[in-house]
Amino acid sequence: MIRGTATSPEKDEPATLQVAANGFEPIARVDFDRARDLIQSRRHVGPRWLVDPGPNSDQLEELLWLAAAAPDHGRLIPWRFVLVPAESRHLLGRAFALALLDRDPGASEEQLVTAREKADRAPVLLVAIACTVSDRADVPPVDQLVSLGAAIQNIQLGAVAMGFSVGLSSGRAMDSMHVRSLFELAESERAICCISIGRSVKSNGVGRVRPNVDVRSLPPPPLSSLRCTTSSRLLALGSSDWRSAAPNAARSARRPIRPIPLMPTFITLI
Ligand SMILES: Cc1cc2nc3c(=O)[nH]c(=O)nc-3n(C[C@H](O)[C@H](O)[C@H](O)COP(=O)(O)O)c2cc1C
């Protein structure tokens, strides 16, 4: 495992690189089943169902280390997180209520109370903030948002691995001037969503049926444009229909994929 600035218990000095002696591959293979079960067991749990205890400060730090492991094109670190501790939740609740009043000046007292309560629901609440830059043609903002999504997902999966449940919530208030000013957002920044973490008091249920992932192989180009070679430049265009071998193939048959014949392994486009 690689850690950033973890402290080595023996030497009390930063153990910056703790790579498993046998490298990454065996770890990934041994842990795949557990990783798959973990990933598939994650589901959104609304903040109202999340109660104490949430992650403690050490666990929270671990989760933020996971966020830092997200892929980051250009290494721009185009996101940050703000922890809203219990004693500051009323400020976020107030911002939510003011945002509602801006949108609907006739909002009832009950609606305003509900808006305020949204900030006060889970033991731990992080706000994910996108800090994208637009002056990097090679790293468009959408790449940067993908990085934020990956960071959020890392936090979610880490929290689930610790036994917590997680809910994401966004909503129109996130873009309001009240939320923006509370978090002192720069013009280029945007509050994307709240990440609520705690213990779920909701029955896990069966969860939603996961969607069919739409993935197809490129159709093979006409043979006249290809020359078979033993070159090591590999362009794998063809594949067999992997879905037919998947365990839930029957359920995933929303749009059948036309089977594509296997192409020769080494192909170089002329
Ligand atoms: C950026 C983002 C914002 C979200 N905001 C909300 C929200 O405001 N309210 C809500 O009920 N769910 C919200 N969700 C959670 C989705 O509703 C949830 O992921 C979806 O229903 C799929 O369920 P699953 O996460 O259990 O697979 C959000 C998810 C994402 C990725």
# chains A, B, ... in the order shown; residues from 1 in each chain; ligands from 1
>>> select_by_dssp(residues="range 8-218 of chain A", states="alpha helix (DSSP H)", output="PyMOL selection string")
chain A and resi 24-41+57-68+89-103+109-117+141-161+177-182
>>> residues_around(residues="range 83-92 of chain A", least_positions_apart="2", cutoff="12 Å", atoms="only C-alpha atoms", output="count of residues only")
44
>>> closest_residue(among="A:Arg216, A:Arg103, A:Arg75, A:His44", to="ligand 1", atoms="only C-alpha atoms and all ligand atoms")
A:His44
>>> closest_atom_pairs(of="range 11-127 of chain A", to="range 140-162 of chain A", cutoff="8 Å", atoms="only C-alpha atoms", output="JSON lines")
{"residue": "A:Leu38", "atom": "CA", "partner": "A:Ala161", "partner_atom": "CA", "distance": 6.7}
{"residue": "A:Ile39", "atom": "CA", "partner": "A:Leu157", "partner_atom": "CA", "distance": 6.6}
{"residue": "A:Arg42", "atom": "CA", "partner": "A:Val160", "partner_atom": "CA", "distance": 6.6}
{"residue": "A:Pro55", "atom": "CA", "partner": "A:Ala159", "partner_atom": "CA", "distance": 7.9}
{"residue": "A:Leu63", "atom": "CA", "partner": "A:Ile155", "partner_atom": "CA", "distance": 5.2}
{"residue": "A:Leu64", "atom": "CA", "partner": "A:Ile155", "partner_atom": "CA", "distance": 6.7}
{"residue": "A:Leu66", "atom": "CA", "partner": "A:Asn154", "partner_atom": "CA", "distance": 5.5}
{"residue": "A:Ala67", "atom": "CA", "partner": "A:Ala151", "partner_atom": "CA", "distance": 4.2}
{"residue": "A:Ala68", "atom": "CA", "partner": "A:Ala151", "partner_atom": "CA", "distance": 6.7}
{"residue": "A:Ala69", "atom": "CA", "partner": "A:Ala151", "partner_atom": "CA", "distance": 7.2}
{"residue": "A:Ala70", "atom": "CA", "partner": "A:Ala151", "partner_atom": "CA", "distance": 4.9}
{"residue": "A:Pro71", "atom": "CA", "partner": "A:Ser147", "partner_atom": "CA", "distance": 5.8}
{"residue": "A:Asp72", "atom": "CA", "partner": "A:Ser147", "partner_atom": "CA", "distance": 5.4}
{"residue": "A:His73", "atom": "CA", "partner": "A:Asp143", "partner_atom": "CA", "distance": 6.7}
{"residue": "A:Leu76", "atom": "CA", "partner": "A:Gln144", "partner_atom": "CA", "distance": 7.9}
{"residue": "A:Pro78", "atom": "CA", "partner": "A:Gln144", "partner_atom": "CA", "distance": 5.7}
{"residue": "A:Trp79", "atom": "CA", "partner": "A:Leu148", "partner_atom": "CA", "distance": 5.9}
>>> write_last_selection(atoms="all heavy atoms", output="tab-separated table (two decimals), in the first residue's frame")
chain	number	residue	atom	x	y	z
A	38	LEU	N	-17.59	-5.35	-2.14
A	38	LEU	CA	-17.66	-4.03	-1.51
A	38	LEU	C	-18.30	-3.02	-2.46
A	38	LEU	O	-19.23	-2.29	-2.10
A	38	LEU	CB	-16.24	-3.58	-1.13
A	38	LEU	CG	-16.12	-2.15	-0.65
A	38	LEU	CD1	-16.56	-2.06	0.80
A	38	LEU	CD2	-14.69	-1.64	-0.78
A	39	ILE	N	-17.79	-3.00	-3.68
A	39	ILE	CA	-18.28	-2.02	-4.65
A	39	ILE	C	-19.76	-2.25	-4.93
A	39	ILE	O	-20.56	-1.31	-4.98
A	39	ILE	CB	-17.45	-2.10	-5.95
A	39	ILE	CG1	-16.03	-1.60	-5.68
A	39	ILE	CG2	-18.10	-1.31	-7.07
A	39	ILE	CD1	-15.03	-1.92	-6.78
A	42	ARG	N	-22.24	-1.10	-2.12
A	42	ARG	CA	-22.47	0.32	-1.85
A	42	ARG	C	-23.78	0.77	-2.46
A	42	ARG	O	-24.09	0.45	-3.59
A	42	ARG	CB	-21.34	1.19	-2.43
A	42	ARG	CG	-21.52	2.67	-2.13
A	42	ARG	CD	-21.06	3.57	-3.26
A	42	ARG	NE	-21.73	3.31	-4.50
A	42	ARG	CZ	-22.93	3.79	-4.83
A	42	ARG	NH1	-23.61	4.55	-4.00
A	42	ARG	NH2	-23.49	3.48	-6.00
A	55	PRO	N	-17.59	8.36	11.09
A	55	PRO	CA	-16.14	8.16	11.16
A	55	PRO	C	-15.52	9.12	12.18
A	55	PRO	O	-15.92	10.29	12.25
A	55	PRO	CB	-15.66	8.51	9.75
A	55	PRO	CG	-16.87	8.53	8.89
A	55	PRO	CD	-18.06	8.74	9.76
A	63	LEU	N	-10.04	8.38	4.95
A	63	LEU	CA	-10.93	8.53	3.79
A	63	LEU	C	-10.42	9.62	2.86
A	63	LEU	O	-10.49	9.49	1.62
A	63	LEU	CB	-12.36	8.84	4.25
A	63	LEU	CG	-13.04	7.71	5.04
A	63	LEU	CD1	-14.43	8.14	5.51
A	63	LEU	CD2	-13.13	6.44	4.18
A	64	LEU	N	-9.88	10.67	3.43
A	64	LEU	CA	-9.37	11.75	2.57
A	64	LEU	C	-8.10	11.31	1.85
A	64	LEU	O	-7.84	11.76	0.73
A	64	LEU	CB	-9.18	13.02	3.40
A	64	LEU	CG	-10.53	13.58	3.88
A	64	LEU	CD1	-10.34	14.70	4.89
A	64	LEU	CD2	-11.39	14.06	2.72
A	66	LEU	N	-7.82	8.42	0.69
A	66	LEU	CA	-8.37	7.69	-0.46
A	66	LEU	C	-8.78	8.67	-1.56
A	66	LEU	O	-8.58	8.40	-2.75
A	66	LEU	CB	-9.57	6.84	-0.05
A	66	LEU	CG	-9.28	5.72	0.95
A	66	LEU	CD1	-10.52	4.88	1.16
A	66	LEU	CD2	-8.14	4.84	0.44
A	67	ALA	N	-9.34	9.79	-1.16
A	67	ALA	CA	-9.70	10.80	-2.17
A	67	ALA	C	-8.46	11.22	-2.95
A	67	ALA	O	-8.48	11.37	-4.17
A	67	ALA	CB	-10.35	12.01	-1.49
A	68	ALA	N	-7.36	11.36	-2.22
A	68	ALA	CA	-6.12	11.82	-2.85
A	68	ALA	C	-5.56	10.78	-3.82
A	68	ALA	O	-4.67	11.09	-4.60
A	68	ALA	CB	-5.09	12.15	-1.78
A	69	ALA	N	-6.09	9.56	-3.76
A	69	ALA	CA	-5.62	8.51	-4.67
A	69	ALA	C	-6.39	8.53	-5.99
A	69	ALA	O	-6.16	7.68	-6.85
A	69	ALA	CB	-5.76	7.13	-4.01
A	70	ALA	N	-7.29	9.47	-6.14
A	70	ALA	CA	-8.09	9.51	-7.39
A	70	ALA	C	-7.21	9.89	-8.57
A	70	ALA	O	-6.25	10.65	-8.42
A	70	ALA	CB	-9.20	10.55	-7.23
A	71	PRO	N	-7.52	9.36	-9.74
A	71	PRO	CA	-6.79	9.79	-10.93
A	71	PRO	C	-6.98	11.29	-11.15
A	71	PRO	O	-8.05	11.83	-10.86
A	71	PRO	CB	-7.43	8.97	-12.07
A	71	PRO	CG	-8.73	8.46	-11.53
A	71	PRO	CD	-8.58	8.40	-10.04
A	72	ASP	N	-5.95	11.93	-11.61
A	72	ASP	CA	-5.98	13.40	-11.69
A	72	ASP	C	-5.17	13.85	-12.91
A	72	ASP	O	-3.96	14.09	-12.80
A	72	ASP	CB	-5.39	13.96	-10.38
A	72	ASP	CG	-5.33	15.48	-10.36
A	72	ASP	OD1	-5.86	16.11	-11.30
A	72	ASP	OD2	-4.76	16.03	-9.40
A	73	HIS	N	-5.85	13.94	-14.04
A	73	HIS	CA	-5.18	14.33	-15.28
A	73	HIS	C	-4.53	15.71	-15.11
A	73	HIS	O	-5.18	16.67	-14.73
A	73	HIS	CB	-6.21	14.38	-16.42
A	73	HIS	CG	-5.60	14.56	-17.77
A	73	HIS	ND1	-6.37	14.78	-18.89
A	73	HIS	CD2	-4.31	14.52	-18.18
A	73	HIS	CE1	-5.56	14.89	-19.94
A	73	HIS	NE2	-4.31	14.74	-19.52
A	76	LEU	N	-3.77	18.47	-11.33
A	76	LEU	CA	-4.22	19.82	-11.00
A	76	LEU	C	-4.90	19.89	-9.63
A	76	LEU	O	-5.18	20.98	-9.14
A	76	LEU	CB	-5.22	20.29	-12.07
A	76	LEU	CG	-4.67	20.38	-13.49
A	76	LEU	CD1	-5.79	20.70	-14.49
A	76	LEU	CD2	-3.59	21.45	-13.55
A	78	PRO	N	-8.09	19.23	-8.87
A	78	PRO	CA	-9.17	20.17	-9.18
A	78	PRO	C	-10.37	20.05	-8.25
A	78	PRO	O	-11.51	20.24	-8.66
A	78	PRO	CB	-9.55	19.75	-10.61
A	78	PRO	CG	-9.26	18.29	-10.64
A	78	PRO	CD	-8.11	18.03	-9.70
A	79	TRP	N	-10.13	19.73	-7.00
A	79	TRP	CA	-11.22	19.59	-6.04
A	79	TRP	C	-10.68	19.73	-4.63
A	79	TRP	O	-9.49	19.60	-4.39
A	79	TRP	CB	-11.92	18.23	-6.21
A	79	TRP	CG	-11.00	17.09	-6.52
A	79	TRP	CD1	-10.77	16.55	-7.75
A	79	TRP	CD2	-10.17	16.36	-5.61
A	79	TRP	NE1	-9.85	15.53	-7.65
A	79	TRP	CE2	-9.47	15.38	-6.34
A	79	TRP	CE3	-9.96	16.41	-4.23
A	79	TRP	CZ2	-8.57	14.49	-5.77
A	79	TRP	CZ3	-9.06	15.53	-3.64
A	79	TRP	CH2	-8.39	14.58	-4.42
>>> residues_near_ligand(ligand="ligand 1", cutoff="8 Å", atoms="only C-alpha atoms and all ligand atoms", output="list in words")
Arg42, Arg43, His44, Val45, Gly46, Gly149, Gly167, Leu168, Ser169, Ser170, Gly171, Ile192, Cys193, Cys194, Gly207, Arg208 and Arg210 of chain A
>>> atom_distance(atom1="CA of Val139 in chain A", atom2="CA of Met177 in chain A")
27.7 Å
